[in-house]
Amino acid sequence: MLLAGVILLGTWTSAAAAKESLARQLAEARLAAIADGNPSGAVAALRPIVAQATGSVRAEAADDLGDALDALGRVVEARQAYLEALAADPRNARAARHLVVLGGLAALPEATGSPQPAIVSRPGLGSSWEALLPEAERAAFGAQVEAFARNRAAQDLLAEARRLWQAREFDRGLALLDELVTQFPAQLKPADLLDIGGRAQAMDRPDLAALAYGAAASREDPRHAPWASYQQGLALMQAGNMSAARVAFGRVLRAGALARDPGGKPLDVLAEEHLRECLGLASWSAYLQVRSLFSQAEQAQYVHHDFVLAETLYRRIVDEFPASNYDGRALVQLATIAYFERRQSQQALQDIQAVLSDDRRNDIWPDGMRAGAWALYYEGRIKEASGDRPGARAAYRSLLAEFPDASDHDGKPFAAKAEQRLAMLEGRP
């Protein structure tokens, strides 16, 4: 009995030593290939390891062998190596991703003794290797492969579009850029989206430029977002969509004076100038005048509590500058004075309706707060207080539908306030 135990221990020790030796050979082959940049040498060193090893060591060696063969352009053999890696370790996501790029799975080699997997096709993404995995993991791994394939497809399209651009085949290149922005925006870097926006503007496609810049701005990357929003505003102005341009320039103002254009000019100053243009104000001096009036009105309202003067100044803005970015904001402020200071609900609702009836709902405070969001919230609160619960619910729902990403003046999610009020009215926890 003791002798049998010693033999078993010796066998186990010998197997462990052999496995360790193969792992060491694999590591040395990897290092040598990296140091020499010699994929042919890596193939020669890795083939015997793949033939002798088992389990994870075989899977890693086959994976590396596939990389070396792929580098030599021997695609068929590379696929075979990656398939051997999957046969040894079906959870090998690296091998699976390479197979997607090289055309998907064909069949596992008969020599491995593994059963033929049921291949699931994904149109446009090649064959799937999900059937090799336990059922519980298929969805997660499938999503990884699909994401990898979409990233690869986006990069291939981008490279081809740039090649066409260099060949001066602008129409075909533009068609590919259009496909990229509409189908693969999440797979592109902000810098790539900015590049696409610039090419689209150069080809008189402000609609495509606005989409590309908008996708870049949505990443909230402080290096790119303000410039992307500024460029989006220009593209939207070029396309004639002044209302959306105001929203884009408003995001630039929220970024503050730290944001600069490539020449070092403050983007907020440039955005204000273009904001004046898209608002249809006759001159820069008119814009400065309306901005000064609003500042004086706010000081009268919040610092001196002189509501008569504040109302007078806000009404001047509404009457004299109806196309400005300030008239909607002025009407919201008038509604707050009418309701909270005068207890005049009907007057407050009348001012609110004036905000919601036209383009004033898109007026933006420098911190990004939208006049329409405030107006709908106040409408809900006023109707709620007067017992008009259906009207209040309708106002809160409109706010959530139209301004789901709105923030209040403190930068907190504004829609959450409406959701809270709505839940209370509907008896939800």
# chains A, B, ... in the order shown; residues from 1 in each chain; ligands from 1

$ residues_around --residues "Ala297 (chain A)" --least-positions-apart "4" --cutoff "7 Å" --atoms "only C-alpha atoms" --output "PyMOL selection string"
chain A and resi 293+301+310+313-314

$ closest_atom_pairs --of "region 190-222 of chain A" --to "region 158-164 of chain A" --cutoff "12 Å" --atoms "only C-alpha atoms" --output "CSV"
residue,atom,partner,partner_atom,distance
A:Asp192,CA,A:Leu158,CA,8.6
A:Leu193,CA,A:Leu158,CA,10.3
A:Asp195,CA,A:Arg162,CA,10.3
A:Ile196,CA,A:Leu158,CA,9.2
A:Arg199,CA,A:Arg162,CA,10.1
A:Ala200,CA,A:Ala161,CA,11.9

$ closest_residue --among "A:Gln346, A:Arg397, A:Ala338, A:Leu331" --to "Ala371 (chain A)" --atoms "only C-alpha atoms"
A:Leu331

$ atom_distance --atom1 "CA of Ser243 (chain A)" --atom2 "CA of Ile364 (chain A)"
10.8 Å

$ residues_around --residues "Glu341 (chain A)" --least-positions-apart "4" --cutoff "9 Å" --atoms "only C-alpha atoms" --output "list in words"
Phe307, Thr336 and Ile337 of chain A

$ write_last_selection --atoms "C-alpha atoms" --output "compact mmCIF listing (two decimals), in the first residue's frame"
# COMPACT_ATOMS: atom_id res chain seq x y z
CA PHE A 307 -39.94 92.57 -7.20
CA THR A 336 -41.94 82.58 -9.93
CA ILE A 337 -42.59 86.15 -8.76

$ atom_distance --atom1 "CA of Asn151 (chain A)" --atom2 "CA of Asp221 (chain A)"
19.7 Å

$ atom_distance --atom1 "CA of Ala373 (chain A)" --atom2 "CA of Gly240 (chain A)"
23.9 Å

$ select_by_dssp --residues "region 280-407 of chain A" --states "helix (DSSP H, G or I)" --output "ChimeraX atom specification"
/A:284-303,307-320,327-341,345-356,359-362,371-385,389-402

$ residues_around --residues "Arg58 (chain A)" --least-positions-apart "3" --cutoff "10 Å" --atoms "only C-alpha atoms" --output "PyMOL selection string"
chain A and resi 19+22-23+26+46+49-55+61-64+84-89

$ write_last_selection --atoms "C-alpha atoms" --output "PDB file, in the first residue's frame"
ATOM      1  CA  LYS A  19       3.622  20.695 -16.984  1.00  0.00           C
ATOM      2  CA  LEU A  22       6.140  23.084 -20.790  1.00  0.00           C
ATOM      3  CA  ALA A  23       4.870  26.290 -19.213  1.00  0.00           C
ATOM      4  CA  LEU A  26       5.979  28.536 -23.515  1.00  0.00           C
ATOM      5  CA  LEU A  46       5.430  26.649 -30.129  1.00  0.00           C
ATOM      6  CA  ILE A  49       4.539  22.606 -26.998  1.00  0.00           C
ATOM      7  CA  VAL A  50       1.036  22.491 -28.532  1.00  0.00           C
ATOM      8  CA  ALA A  51       1.612  18.830 -29.481  1.00  0.00           C
ATOM      9  CA  GLN A  52       2.737  17.806 -25.988  1.00  0.00           C
ATOM     10  CA  ALA A  53       0.801  20.042 -23.605  1.00  0.00           C
ATOM     11  CA  THR A  54      -2.715  19.694 -22.231  1.00  0.00           C
ATOM     12  CA  GLY A  55      -5.290  21.957 -20.632  1.00  0.00           C
ATOM     13  CA  ALA A  61       0.504  27.821 -26.573  1.00  0.00           C
ATOM     14  CA  ALA A  62      -2.056  27.324 -29.363  1.00  0.00           C
ATOM     15  CA  ASP A  63      -3.244  30.916 -28.879  1.00  0.00           C
ATOM     16  CA  ASP A  64       0.304  32.235 -29.277  1.00  0.00           C
ATOM     17  CA  GLU A  84      -7.096  24.000 -30.953  1.00  0.00           C
ATOM     18  CA  ALA A  85      -6.877  26.656 -28.231  1.00  0.00           C
ATOM     19  CA  LEU A  86     -10.677  26.619 -27.890  1.00  0.00           C
ATOM     20  CA  ALA A  87     -10.748  22.818 -27.876  1.00  0.00           C
ATOM     21  CA  ALA A  88      -8.304  22.835 -24.956  1.00  0.00           C
ATOM     22  CA  ASP A  89     -10.124  25.667 -23.147  1.00  0.00           C
TER      23      ASP A  89
END

$ closest_residue --among "A:Arg421, A:Arg251, A:His305, A:Arg260" --to "Met369 (chain A)" --atoms "only C-alpha atoms"
A:Arg251

$ residues_around --residues "Glu320 (chain A)" --least-positions-apart "5" --cutoff "10 Å" --atoms "only C-alpha atoms" --output "PyMOL selection string"
chain A and resi 290+315+327

$ residues_around --residues "Arg393 (chain A)" --least-positions-apart "5" --cutoff "8 Å" --atoms "only C-alpha atoms" --output "VMD selection string"
chain A and resid 380 422 425

$ residues_around --residues "Ser218 (chain A)" --least-positions-apart "6" --cutoff "9 Å" --atoms "only C-alpha atoms" --output "PyMOL selection string"
chain A and resi 225+228-229

$ decode --residues "region 343-368 of chain A" --atoms "C-alpha atoms" --output "tab-separated table (two decimals), in the first residue's frame"
chain	number	residue	atom	x	y	z
A	343	ARG	CA	-49.85	84.39	-5.02
A	344	GLN	CA	-51.23	84.93	-8.52
A	345	SER	CA	-51.55	81.39	-9.85
A	346	GLN	CA	-53.32	82.30	-13.08
A	347	GLN	CA	-50.73	84.92	-14.02
A	348	ALA	CA	-47.95	82.45	-13.26
A	349	LEU	CA	-49.60	79.77	-15.45
A	350	GLN	CA	-50.06	82.32	-18.22
A	351	ASP	CA	-46.34	83.13	-18.21
A	352	ILE	CA	-45.50	79.44	-18.11
A	353	GLN	CA	-47.69	78.75	-21.13
A	354	ALA	CA	-45.92	81.55	-22.99
A	355	VAL	CA	-42.64	79.70	-22.39
A	356	LEU	CA	-44.05	76.36	-23.52
A	357	SER	CA	-45.95	77.64	-26.54
A	358	ASP	CA	-42.93	78.32	-28.73
A	359	ASP	CA	-39.15	78.11	-28.98
A	360	ARG	CA	-38.60	79.80	-25.62
A	361	ARG	CA	-38.61	76.39	-23.94
A	362	ASN	CA	-35.06	75.92	-25.29
A	363	ASP	CA	-33.66	79.06	-23.66
A	364	ILE	CA	-30.70	78.06	-21.53
A	365	TRP	CA	-29.05	79.45	-18.41
A	366	PRO	CA	-25.23	79.48	-18.48
A	367	ASP	CA	-25.22	76.42	-16.21
A	368	GLY	CA	-27.26	74.48	-18.78
